[in-house]
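> Contents are PDB, N, CA and C atoms, pLDDT in the B column; file name data-v3.pdb:
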```pdb
ATOM      1  N   VAL M   1      15.023  17.477  60.065  1.00 95.00           N
ATOM      2  CA  VAL M   1      13.779  17.738  60.774  1.00 95.00           C
ATOM      3  C   VAL M   1      13.660  16.725  61.904  1.00 95.00           C
ATOM      4  N   LEU M   2      13.479  17.218  63.115  1.00 97.00           N
ATOM      5  CA  LEU M   2      13.289  16.356  64.280  1.00 97.00           C
ATOM      6  C   LEU M   2      11.823  16.363  64.683  1.00 97.00           C
ATOM      7  N   ASP M   3      11.209  15.209  64.630  1.00 98.00           N
ATOM      8  CA  ASP M   3       9.822  15.024  65.025  1.00 98.00           C
ATOM      9  C   ASP M   3       9.854  14.352  66.391  1.00 98.00           C
ATOM     10  N   ILE M   4       9.452  15.067  67.434  1.00 98.00           N
ATOM     11  CA  ILE M   4       9.569  14.518  68.783  1.00 98.00           C
ATOM     12  C   ILE M   4       8.242  13.958  69.308  1.00 98.00           C
ATOM     13  N   ARG M   5       7.340  13.642  68.399  1.00 98.00           N
ATOM     14  CA  ARG M   5       6.082  13.004  68.783  1.00 98.00           C
ATOM     15  C   ARG M   5       6.323  11.515  69.055  1.00 98.00           C
ATOM     16  N   THR M   6       5.290  10.836  69.526  1.00 98.00           N
ATOM     17  CA  THR M   6       5.392   9.396  69.757  1.00 98.00           C
ATOM     18  C   THR M   6       5.513   8.677  68.414  1.00 98.00           C
ATOM     19  N   PRO M   7       6.026   7.443  68.412  1.00 98.00           N
ATOM     20  CA  PRO M   7       6.099   6.691  67.153  1.00 98.00           C
ATOM     21  C   PRO M   7       4.736   6.532  66.482  1.00 98.00           C
ATOM     22  N   GLU M   8       3.683   6.374  67.267  1.00 98.00           N
ATOM     23  CA  GLU M   8       2.338   6.244  66.699  1.00 98.00           C
ATOM     24  C   GLU M   8       1.932   7.522  65.969  1.00 98.00           C
ATOM     25  N   GLU M   9       2.187   8.665  66.584  1.00 97.00           N
ATOM     26  CA  GLU M   9       1.877   9.945  65.938  1.00 97.00           C
ATOM     27  C   GLU M   9       2.716  10.111  64.671  1.00 97.00           C
ATOM     28  N   PHE M  10       3.988   9.793  64.765  1.00 97.00           N
ATOM     29  CA  PHE M  10       4.907   9.897  63.629  1.00 97.00           C
ATOM     30  C   PHE M  10       4.411   9.046  62.465  1.00 97.00           C
ATOM     31  N   ASN M  11       4.008   7.804  62.748  1.00 96.00           N
ATOM     32  CA  ASN M  11       3.556   6.891  61.697  1.00 96.00           C
ATOM     33  C   ASN M  11       2.234   7.298  61.073  1.00 96.00           C
ATOM     34  N   SER M  12       1.477   8.154  61.738  1.00 94.00           N
ATOM     35  CA  SER M  12       0.206   8.619  61.175  1.00 94.00           C
ATOM     36  C   SER M  12       0.416   9.695  60.112  1.00 94.00           C
ATOM     37  N   GLY M  13       1.625  10.222  60.017  1.00 93.00           N
ATOM     38  CA  GLY M  13       1.976  11.229  59.015  1.00 93.00           C
ATOM     39  C   GLY M  13       3.067  12.128  59.547  1.00 93.00           C
ATOM     40  N   HIS M  14       4.113  12.330  58.735  1.00 94.00           N
ATOM     41  CA  HIS M  14       5.242  13.145  59.176  1.00 94.00           C
ATOM     42  C   HIS M  14       5.840  13.914  58.006  1.00 94.00           C
ATOM     43  N   ILE M  15       6.635  14.912  58.318  1.00 93.00           N
ATOM     44  CA  ILE M  15       7.336  15.696  57.309  1.00 93.00           C
ATOM     45  C   ILE M  15       8.367  14.779  56.656  1.00 93.00           C
ATOM     46  N   PRO M  16       8.441  14.766  55.320  1.00 92.00           N
ATOM     47  CA  PRO M  16       9.405  13.895  54.642  1.00 92.00           C
ATOM     48  C   PRO M  16      10.827  14.090  55.180  1.00 92.00           C
ATOM     49  N   ALA M  17      11.556  12.986  55.300  1.00 93.00           N
ATOM     50  CA  ALA M  17      12.951  12.941  55.768  1.00 93.00           C
ATOM     51  C   ALA M  17      13.105  13.300  57.248  1.00 93.00           C
ATOM     52  N   SER M  18      12.028  13.228  58.015  1.00 96.00           N
ATOM     53  CA  SER M  18      12.086  13.508  59.460  1.00 96.00           C
ATOM     54  C   SER M  18      12.758  12.372  60.211  1.00 96.00           C
ATOM     55  N   ILE M  19      13.336  12.730  61.347  1.00 97.00           N
ATOM     56  CA  ILE M  19      13.872  11.766  62.302  1.00 97.00           C
ATOM     57  C   ILE M  19      12.944  11.794  63.506  1.00 97.00           C
ATOM     58  N   ASN M  20      12.477  10.620  63.929  1.00 98.00           N
ATOM     59  CA  ASN M  20      11.580  10.549  65.080  1.00 98.00           C
ATOM     60  C   ASN M  20      12.364  10.215  66.341  1.00 98.00           C
ATOM     61  N   ILE M  21      12.330  11.144  67.306  1.00 98.00           N
ATOM     62  CA  ILE M  21      12.905  10.919  68.632  1.00 98.00           C
ATOM     63  C   ILE M  21      11.811  11.303  69.627  1.00 98.00           C
ATOM     64  N   ASP M  22      11.227  10.314  70.255  1.00 98.00           N
ATOM     65  CA  ASP M  22      10.068  10.492  71.125  1.00 98.00           C
ATOM     66  C   ASP M  22      10.433  11.260  72.401  1.00 98.00           C
ATOM     67  N   TYR M  23       9.840  12.441  72.560  1.00 98.00           N
ATOM     68  CA  TYR M  23      10.089  13.271  73.745  1.00 98.00           C
ATOM     69  C   TYR M  23       9.691  12.559  75.038  1.00 98.00           C
ATOM     70  N   LYS M  24       8.679  11.710  74.967  1.00 96.00           N
ATOM     71  CA  LYS M  24       8.186  11.021  76.161  1.00 96.00           C
ATOM     72  C   LYS M  24       9.014   9.786  76.527  1.00 96.00           C
ATOM     73  N   ALA M  25       9.922   9.378  75.654  1.00 98.00           N
ATOM     74  CA  ALA M  25      10.728   8.180  75.904  1.00 98.00           C
ATOM     75  C   ALA M  25      11.783   8.449  76.975  1.00 98.00           C
ATOM     76  N   GLU M  26      12.105   7.417  77.738  1.00 97.00           N
ATOM     77  CA  GLU M  26      13.108   7.548  78.797  1.00 97.00           C
ATOM     78  C   GLU M  26      14.480   7.909  78.247  1.00 97.00           C
ATOM     79  N   ASN M  27      14.767   7.497  77.018  1.00 97.00           N
ATOM     80  CA  ASN M  27      16.090   7.730  76.430  1.00 97.00           C
ATOM     81  C   ASN M  27      16.139   8.974  75.537  1.00 97.00           C
ATOM     82  N   PHE M  28      15.182   9.881  75.693  1.00 97.00           N
ATOM     83  CA  PHE M  28      15.124  11.073  74.839  1.00 97.00           C
ATOM     84  C   PHE M  28      16.443  11.847  74.852  1.00 97.00           C
ATOM     85  N   GLU M  29      16.933  12.191  76.030  1.00 96.00           N
ATOM     86  CA  GLU M  29      18.159  12.988  76.111  1.00 96.00           C
ATOM     87  C   GLU M  29      19.350  12.224  75.529  1.00 96.00           C
ATOM     88  N   LEU M  30      19.420  10.933  75.769  1.00 97.00           N
ATOM     89  CA  LEU M  30      20.498  10.111  75.217  1.00 97.00           C
ATOM     90  C   LEU M  30      20.473  10.132  73.687  1.00 97.00           C
ATOM     91  N   GLU M  31      19.289  10.035  73.105  1.00 97.00           N
ATOM     92  CA  GLU M  31      19.160  10.073  71.644  1.00 97.00           C
ATOM     93  C   GLU M  31      19.544  11.448  71.090  1.00 97.00           C
ATOM     94  N   ILE M  32      19.184  12.502  71.791  1.00 97.00           N
ATOM     95  CA  ILE M  32      19.542  13.856  71.362  1.00 97.00           C
ATOM     96  C   ILE M  32      21.059  14.032  71.394  1.00 97.00           C
ATOM     97  N   LYS M  33      21.708  13.463  72.388  1.00 96.00           N
ATOM     98  CA  LYS M  33      23.167  13.577  72.502  1.00 96.00           C
ATOM     99  C   LYS M  33      23.894  12.963  71.310  1.00 96.00           C
ATOM    100  N   LYS M  34      23.250  12.037  70.602  1.00 97.00           N
ATOM    101  CA  LYS M  34      23.861  11.387  69.436  1.00 97.00           C
ATOM    102  C   LYS M  34      23.872  12.286  68.197  1.00 97.00           C
ATOM    103  N   LEU M  35      23.088  13.359  68.226  1.00 97.00           N
ATOM    104  CA  LEU M  35      22.986  14.251  67.067  1.00 97.00           C
ATOM    105  C   LEU M  35      24.212  15.152  66.958  1.00 97.00           C
ATOM    106  N   ASP M  36      24.489  15.590  65.758  1.00 95.00           N
ATOM    107  CA  ASP M  36      25.598  16.511  65.487  1.00 95.00           C
ATOM    108  C   ASP M  36      25.181  17.918  65.927  1.00 95.00           C
ATOM    109  N   ARG M  37      25.811  18.446  66.955  1.00 94.00           N
ATOM    110  CA  ARG M  37      25.450  19.758  67.503  1.00 94.00           C
ATOM    111  C   ARG M  37      25.753  20.908  66.550  1.00 94.00           C
ATOM    112  N   SER M  38      26.596  20.679  65.568  1.00 92.00           N
ATOM    113  CA  SER M  38      26.965  21.756  64.640  1.00 92.00           C
ATOM    114  C   SER M  38      25.945  21.945  63.520  1.00 92.00           C
ATOM    115  N   LYS M  39      25.012  21.006  63.367  1.00 94.00           N
ATOM    116  CA  LYS M  39      24.014  21.100  62.297  1.00 94.00           C
ATOM    117  C   LYS M  39      22.763  21.834  62.781  1.00 94.00           C
ATOM    118  N   PRO M  40      22.080  22.502  61.869  1.00 96.00           N
ATOM    119  CA  PRO M  40      20.790  23.110  62.233  1.00 96.00           C
ATOM    120  C   PRO M  40      19.683  22.051  62.200  1.00 96.00           C
ATOM    121  N   TYR M  41      18.711  22.189  63.084  1.00 96.00           N
ATOM    122  CA  TYR M  41      17.580  21.262  63.137  1.00 96.00           C
ATOM    123  C   TYR M  41      16.280  22.046  63.220  1.00 96.00           C
ATOM    124  N   LEU M  42      15.281  21.558  62.505  1.00 95.00           N
ATOM    125  CA  LEU M  42      13.916  22.055  62.594  1.00 95.00           C
ATOM    126  C   LEU M  42      13.188  21.054  63.484  1.00 95.00           C
ATOM    127  N   MET M  43      12.613  21.513  64.595  1.00 96.00           N
ATOM    128  CA  MET M  43      12.002  20.608  65.566  1.00 96.00           C
ATOM    129  C   MET M  43      10.522  20.912  65.731  1.00 96.00           C
ATOM    130  N   HIS M  44       9.740  19.838  65.887  1.00 97.00           N
ATOM    131  CA  HIS M  44       8.304  20.018  66.122  1.00 97.00           C
ATOM    132  C   HIS M  44       7.726  18.816  66.858  1.00 97.00           C
ATOM    133  N   CYS M  45       6.548  19.039  67.417  1.00 96.00           N
ATOM    134  CA  CYS M  45       5.732  17.967  67.983  1.00 96.00           C
ATOM    135  C   CYS M  45       4.357  18.091  67.313  1.00 96.00           C
ATOM    136  N   ARG M  46       3.282  17.789  68.017  1.00 96.00           N
ATOM    137  CA  ARG M  46       1.957  17.897  67.412  1.00 96.00           C
ATOM    138  C   ARG M  46       1.455  19.341  67.421  1.00 96.00           C
ATOM    139  N   SER M  47       1.509  19.985  68.603  1.00 95.00           N
ATOM    140  CA  SER M  47       0.929  21.324  68.723  1.00 95.00           C
ATOM    141  C   SER M  47       1.916  22.395  69.168  1.00 95.00           C
ATOM    142  N   GLY M  48       3.133  21.990  69.538  1.00 93.00           N
ATOM    143  CA  GLY M  48       4.135  22.944  69.996  1.00 93.00           C
ATOM    144  C   GLY M  48       4.447  22.870  71.475  1.00 93.00           C
ATOM    145  N   ARG M  49       3.622  22.196  72.247  1.00 95.00           N
ATOM    146  CA  ARG M  49       3.821  22.126  73.700  1.00 95.00           C
ATOM    147  C   ARG M  49       5.073  21.315  74.066  1.00 95.00           C
ATOM    148  N   ARG M  50       5.192  20.085  73.553  1.00 96.00           N
ATOM    149  CA  ARG M  50       6.359  19.252  73.876  1.00 96.00           C
ATOM    150  C   ARG M  50       7.642  19.837  73.304  1.00 96.00           C
ATOM    151  N   SER M  51       7.572  20.350  72.081  1.00 95.00           N
ATOM    152  CA  SER M  51       8.795  20.897  71.480  1.00 95.00           C
ATOM    153  C   SER M  51       9.250  22.158  72.208  1.00 95.00           C
ATOM    154  N   THR M  52       8.324  22.944  72.739  1.00 94.00           N
ATOM    155  CA  THR M  52       8.710  24.104  73.550  1.00 94.00           C
ATOM    156  C   THR M  52       9.449  23.632  74.795  1.00 94.00           C
ATOM    157  N   ALA M  53       8.928  22.601  75.448  1.00 94.00           N
ATOM    158  CA  ALA M  53       9.592  22.050  76.634  1.00 94.00           C
ATOM    159  C   ALA M  53      10.947  21.442  76.275  1.00 94.00           C
ATOM    160  N   ALA M  54      11.052  20.817  75.113  1.00 96.00           N
ATOM    161  CA  ALA M  54      12.301  20.172  74.687  1.00 96.00           C
ATOM    162  C   ALA M  54      13.407  21.180  74.395  1.00 96.00           C
ATOM    163  N   LEU M  55      13.055  22.423  74.124  1.00 94.00           N
ATOM    164  CA  LEU M  55      14.075  23.441  73.857  1.00 94.00           C
ATOM    165  C   LEU M  55      15.074  23.544  75.008  1.00 94.00           C
ATOM    166  N   ASP M  56      14.605  23.370  76.241  1.00 93.00           N
ATOM    167  CA  ASP M  56      15.510  23.412  77.400  1.00 93.00           C
ATOM    168  C   ASP M  56      16.577  22.325  77.315  1.00 93.00           C
ATOM    169  N   THR M  57      16.183  21.135  76.890  1.00 94.00           N
ATOM    170  CA  THR M  57      17.144  20.035  76.744  1.00 94.00           C
ATOM    171  C   THR M  57      18.187  20.380  75.694  1.00 94.00           C
ATOM    172  N   PHE M  58      17.750  20.919  74.575  1.00 95.00           N
ATOM    173  CA  PHE M  58      18.691  21.282  73.510  1.00 95.00           C
ATOM    174  C   PHE M  58      19.639  22.390  73.963  1.00 95.00           C
ATOM    175  N   ARG M  59      19.128  23.347  74.701  1.00 93.00           N
ATOM    176  CA  ARG M  59      19.989  24.422  75.220  1.00 93.00           C
ATOM    177  C   ARG M  59      21.004  23.871  76.215  1.00 93.00           C
ATOM    178  N   LYS M  60      20.537  23.010  77.101  1.00 94.00           N
ATOM    179  CA  LYS M  60      21.416  22.401  78.101  1.00 94.00           C
ATOM    180  C   LYS M  60      22.552  21.616  77.432  1.00 94.00           C
ATOM    181  N   LEU M  61      22.245  20.978  76.305  1.00 95.00           N
ATOM    182  CA  LEU M  61      23.245  20.186  75.580  1.00 95.00           C
ATOM    183  C   LEU M  61      24.028  21.023  74.570  1.00 95.00           C
ATOM    184  N   ARG M  62      23.805  22.332  74.598  1.00 95.00           N
ATOM    185  CA  ARG M  62      24.551  23.299  73.789  1.00 95.00           C
ATOM    186  C   ARG M  62      24.352  23.159  72.278  1.00 95.00           C
ATOM    187  N   PHE M  63      23.105  22.917  71.882  1.00 94.00           N
ATOM    188  CA  PHE M  63      22.753  22.984  70.466  1.00 94.00           C
ATOM    189  C   PHE M  63      22.499  24.447  70.147  1.00 94.00           C
ATOM    190  N   ASP M  64      23.137  24.945  69.105  1.00 88.00           N
ATOM    191  CA  ASP M  64      23.031  26.362  68.767  1.00 88.00           C
ATOM    192  C   ASP M  64      22.010  26.675  67.688  1.00 88.00           C
ATOM    193  N   HIS M  65      21.659  25.693  66.888  1.00 94.00           N
ATOM    194  CA  HIS M  65      20.844  25.965  65.704  1.00 94.00           C
ATOM    195  C   HIS M  65      19.566  25.128  65.710  1.00 94.00           C
ATOM    196  N   ILE M  66      18.659  25.451  66.614  1.00 95.00           N
ATOM    197  CA  ILE M  66      17.371  24.764  66.689  1.00 95.00           C
ATOM    198  C   ILE M  66      16.287  25.740  66.258  1.00 95.00           C
ATOM    199  N   ILE M  67      15.549  25.346  65.234  1.00 92.00           N
ATOM    200  CA  ILE M  67      14.407  26.131  64.769  1.00 92.00           C
ATOM    201  C   ILE M  67      13.162  25.374  65.217  1.00 92.00           C
ATOM    202  N   HIS M  68      12.287  26.059  65.898  1.00 91.00           N
ATOM    203  CA  HIS M  68      11.114  25.448  66.525  1.00 91.00           C
ATOM    204  C   HIS M  68       9.860  25.845  65.760  1.00 91.00           C
ATOM    205  N   ILE M  69       9.047  24.860  65.359  1.00 91.00           N
ATOM    206  CA  ILE M  69       7.751  25.154  64.738  1.00 91.00           C
ATOM    207  C   ILE M  69       6.756  25.369  65.880  1.00 91.00           C
ATOM    208  N   ASP M  70       6.400  26.624  66.121  1.00 89.00           N
ATOM    209  CA  ASP M  70       5.556  26.982  67.267  1.00 89.00           C
ATOM    210  C   ASP M  70       4.236  26.218  67.325  1.00 89.00           C
ATOM    211  N   ASP M  71       3.582  26.038  66.180  1.00 91.00           N
ATOM    212  CA  ASP M  71       2.279  25.378  66.147  1.00 91.00           C
ATOM    213  C   ASP M  71       2.381  23.880  65.904  1.00 91.00           C
ATOM    214  N   GLY M  72       3.589  23.342  65.903  1.00 92.00           N
ATOM    215  CA  GLY M  72       3.780  21.913  65.689  1.00 92.00           C
ATOM    216  C   GLY M  72       3.338  21.468  64.309  1.00 92.00           C
ATOM    217  N   ILE M  73       3.105  20.177  64.188  1.00 92.00           N
ATOM    218  CA  ILE M  73       2.699  19.604  62.900  1.00 92.00           C
ATOM    219  C   ILE M  73       1.327  20.145  62.490  1.00 92.00           C
ATOM    220  N   LEU M  74       0.532  20.584  63.459  1.00 90.00           N
ATOM    221  CA  LEU M  74      -0.775  21.166  63.140  1.00 90.00           C
ATOM    222  C   LEU M  74      -0.623  22.460  62.344  1.00 90.00           C
ATOM    223  N   GLY M  75       0.507  23.143  62.508  1.00 86.00           N
ATOM    224  CA  GLY M  75       0.760  24.379  61.784  1.00 86.00           C
ATOM    225  C   GLY M  75       1.488  24.182  60.463  1.00 86.00           C
ATOM    226  N   TRP M  76       1.869  22.948  60.166  1.00 83.00           N
ATOM    227  CA  TRP M  76       2.593  22.640  58.932  1.00 83.00           C
ATOM    228  C   TRP M  76       1.577  22.553  57.802  1.00 83.00           C
ATOM    229  N   ASN M  77       1.758  23.334  56.746  1.00 72.00           N
ATOM    230  CA  ASN M  77       0.749  23.369  55.686  1.00 72.00           C
ATOM    231  C   ASN M  77       1.208  22.698  54.396  1.00 72.00           C
ATOM    232  N   LYS M  78       2.174  21.810  54.499  1.00 76.00           N
ATOM    233  CA  LYS M  78       2.633  21.070  53.327  1.00 76.00           C
ATOM    234  C   LYS M  78       2.306  19.593  53.506  1.00 76.00           C
ATOM    235  N   GLU M  79       2.507  18.822  52.451  1.00 76.00           N
ATOM    236  CA  GLU M  79       2.163  17.405  52.451  1.00 76.00           C
ATOM    237  C   GLU M  79       3.002  16.604  53.451  1.00 76.00           C
ATOM    238  N   LEU M  80       2.374  15.599  54.042  1.00 82.00           N
ATOM    239  CA  LEU M  80       3.040  14.700  54.984  1.00 82.00           C
ATOM    240  C   LEU M  80       3.275  13.344  54.328  1.00 82.00           C
ATOM    241  N   THR M  81       4.214  12.591  54.859  1.00 77.00           N
ATOM    242  CA  THR M  81       4.535  11.246  54.395  1.00 77.00           C
ATOM    243  C   THR M  81       4.075  10.252  55.442  1.00 77.00           C
ATOM    244  N   LYS M  82       3.629   9.075  54.997  1.00 78.00           N
ATOM    245  CA  LYS M  82       3.265   7.996  55.939  1.00 78.00           C
ATOM    246  C   LYS M  82       4.216   6.852  55.763  1.00 78.00           C
TER     247      LYS M  82
END
```
As structure tokens, how would this structure be written, given the file I've shared?

Amino acid sequence: VLDIRTPEEFNSGHIPASINIDYKAENFELEIKKLDRSKPYLMHCRSGRRSTAALDTFRKLRFDHIIHIDDGILGWNKELTK
């Protein structure tokens, strides 16, 4: 699970076993390049706006298996971890 919210948002509650890569950070694309492109990833932000924009980066870097939570963490109806 890729959580692309800010570290502050991530620390306020996140999906268990999530990896936080801040979409707003200057090194966002560099951090994404470190991921294994052959693995599937579930990606989200807070409401879906940033993760929708981030899909272009993943496509450009040739990630084939990205699942996007349209409503972001606001649409997640299971327990979060702090």
> I'd like to see the residues matched by the PyMOL selection byres ((chain M and resi 65) around 8) on this file, and ideally I'd get them as a VMD selection string.
chain M and resid 37 to 43 62 to 64 66 to 68
> Enumerate as a list of chain:residue names all residues of chain M assigned to strand (DSSP E) by DSSP on the backbone, naming them with the chain letters and numbers the document uses.
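Those in chain M that DSSP calls strand (DSSP E) are M:Leu2, M:Asp3, M:Ile19, M:Asn20, M:Tyr41, M:Leu42, M:Met43, M:His44, M:Ile66, M:Ile67, M:His68.
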> Taking N, CA and C atoms for each residue, export the selection above as a CSV table (one decimal), keeping the file's coordinate frame.

```
chain,number,residue,atom,x,y,z
M,2,LEU,N,13.5,17.2,63.1
M,2,LEU,CA,13.3,16.4,64.3
M,2,LEU,C,11.8,16.4,64.7
M,3,ASP,N,11.2,15.2,64.6
M,3,ASP,CA,9.8,15.0,65.0
M,3,ASP,C,9.9,14.4,66.4
M,19,ILE,N,13.3,12.7,61.3
M,19,ILE,CA,13.9,11.8,62.3
M,19,ILE,C,12.9,11.8,63.5
M,20,ASN,N,12.5,10.6,63.9
M,20,ASN,CA,11.6,10.5,65.1
M,20,ASN,C,12.4,10.2,66.3
M,41,TYR,N,18.7,22.2,63.1
M,41,TYR,CA,17.6,21.3,63.1
M,41,TYR,C,16.3,22.0,63.2
M,42,LEU,N,15.3,21.6,62.5
M,42,LEU,CA,13.9,22.1,62.6
M,42,LEU,C,13.2,21.1,63.5
M,43,MET,N,12.6,21.5,64.6
M,43,MET,CA,12.0,20.6,65.6
M,43,MET,C,10.5,20.9,65.7
M,44,HIS,N,9.7,19.8,65.9
M,44,HIS,CA,8.3,20.0,66.1
M,44,HIS,C,7.7,18.8,66.9
M,66,ILE,N,18.7,25.5,66.6
M,66,ILE,CA,17.4,24.8,66.7
M,66,ILE,C,16.3,25.7,66.3
M,67,ILE,N,15.5,25.3,65.2
M,67,ILE,CA,14.4,26.1,64.8
M,67,ILE,C,13.2,25.4,65.2
M,68,HIS,N,12.3,26.1,65.9
M,68,HIS,CA,11.1,25.4,66.5
M,68,HIS,C,9.9,25.8,65.8
```
> Find the spatial neighbours of Ser18 of chain M, counting all atoms listed in the file, within a cut-off of 6.5 Å - ignore same-chain residues fewer than 5 positions away - and output them as a PyMOL selection string.
chain M and resi 1-3
> Residues of segment 25-71 of chain M in helix (DSSP H, G or I) according to DSSP, as JSON, numbers by chain?
{"M": [28, 29, 30, 31, 32, 33, 49, 50, 51, 52, 53, 54, 55, 56, 57, 58, 59, 60]}
> Create the file for the chosen residues now, containing N, CA and C atoms and written as a CSV table (one decimal), in the frame of the given file.

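File produced: again_14.csv:
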```
chain,number,residue,atom,x,y,z
M,28,PHE,N,15.2,9.9,75.7
M,28,PHE,CA,15.1,11.1,74.8
M,28,PHE,C,16.4,11.8,74.9
M,29,GLU,N,16.9,12.2,76.0
M,29,GLU,CA,18.2,13.0,76.1
M,29,GLU,C,19.4,12.2,75.5
M,30,LEU,N,19.4,10.9,75.8
M,30,LEU,CA,20.5,10.1,75.2
M,30,LEU,C,20.5,10.1,73.7
M,31,GLU,N,19.3,10.0,73.1
M,31,GLU,CA,19.2,10.1,71.6
M,31,GLU,C,19.5,11.4,71.1
M,32,ILE,N,19.2,12.5,71.8
M,32,ILE,CA,19.5,13.9,71.4
M,32,ILE,C,21.1,14.0,71.4
M,33,LYS,N,21.7,13.5,72.4
M,33,LYS,CA,23.2,13.6,72.5
M,33,LYS,C,23.9,13.0,71.3
M,49,ARG,N,3.6,22.2,72.2
M,49,ARG,CA,3.8,22.1,73.7
M,49,ARG,C,5.1,21.3,74.1
M,50,ARG,N,5.2,20.1,73.6
M,50,ARG,CA,6.4,19.3,73.9
M,50,ARG,C,7.6,19.8,73.3
M,51,SER,N,7.6,20.4,72.1
M,51,SER,CA,8.8,20.9,71.5
M,51,SER,C,9.2,22.2,72.2
M,52,THR,N,8.3,22.9,72.7
M,52,THR,CA,8.7,24.1,73.6
M,52,THR,C,9.4,23.6,74.8
M,53,ALA,N,8.9,22.6,75.4
M,53,ALA,CA,9.6,22.0,76.6
M,53,ALA,C,10.9,21.4,76.3
M,54,ALA,N,11.1,20.8,75.1
M,54,ALA,CA,12.3,20.2,74.7
M,54,ALA,C,13.4,21.2,74.4
M,55,LEU,N,13.1,22.4,74.1
M,55,LEU,CA,14.1,23.4,73.9
M,55,LEU,C,15.1,23.5,75.0
M,56,ASP,N,14.6,23.4,76.2
M,56,ASP,CA,15.5,23.4,77.4
M,56,ASP,C,16.6,22.3,77.3
M,57,THR,N,16.2,21.1,76.9
M,57,THR,CA,17.1,20.0,76.7
M,57,THR,C,18.2,20.4,75.7
M,58,PHE,N,17.8,20.9,74.6
M,58,PHE,CA,18.7,21.3,73.5
M,58,PHE,C,19.6,22.4,74.0
M,59,ARG,N,19.1,23.3,74.7
M,59,ARG,CA,20.0,24.4,75.2
M,59,ARG,C,21.0,23.9,76.2
M,60,LYS,N,20.5,23.0,77.1
M,60,LYS,CA,21.4,22.4,78.1
M,60,LYS,C,22.6,21.6,77.4
```
> So, counting only C-alpha atoms, which residue among M:Tyr23, M:Trp76, M:Phe28, M:Phe10 is closest to Thr52 of chain M?
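The answer is M:Tyr23, which sits nearest to Thr52 of chain M.
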> Between M:Asn20, M:Thr57, M:Thr81, M:Asn27, single out the one closest to Thr6 of chain M, counting only N, CA and C atoms.
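Smallest separation from Thr6 of chain M among the options: M:Asn20.
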> Under the rule that only N, CA and C atoms are counted, which of M:Ala17, M:Ile69, M:Ile32, M:Ala25 is the nearest residue to Ser47 of chain M?
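Of all the options, M:Ile69 lies closest to Ser47 of chain M.
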> Rounded to one decimal in Å, what is the spacing between atom CA of Asp22 of chain M and atom CA of Leu35 of chain M?
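Distance reported for this atom pair: 14.1 Å.
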> Between atom N of Leu30 of chain M and atom CA of Leu61 of chain M, what distance in Å does the model show, to one decimal?
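Answer for the atom N of Leu30 of chain M to atom CA of Leu61 of chain M separation: 10.0 Å.
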> Would you compute the box with edges along x, y and z of the file around segment 27-46 of chain M, including every atom the file lists for it and 8 Å extra on each side, and give its centre and edge lengths in Å to one decimal, as lines of an AutoDock Vina configuration file?

```
center_x = 14.2
center_y = 15.3
center_z = 69.4
size_x = 41.5
size_y = 31.6
size_z = 31.1
```
> For atom C of Arg49 of chain M and atom CA of Lys82 of chain M, quote the distance in Å rounded to one decimal.
22.6 Å
> Which one is closest to Leu80 of chain M: M:Lys60, M:Glu26, M:Gly13, M:Ser51? Count only N, CA and C atoms.
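The closest residue to Leu80 of chain M is M:Gly13.
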> Would you please work out which residue, of M:Asp71, M:Asp36, M:Glu31, M:Cys45, is nearest to Ile15 of chain M when using only C-alpha atoms?
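Of the candidates, the smallest distance to Ile15 of chain M is held by M:Cys45.
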> Of the residues M:Glu9, M:Lys24, M:Pro16, M:Ile4, which is the one nearest to Glu79 of chain M, using all atoms listed in the file?
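Going through M:Glu9, M:Lys24, M:Pro16, M:Ile4 one by one, the smallest distance to Glu79 of chain M is for M:Pro16.
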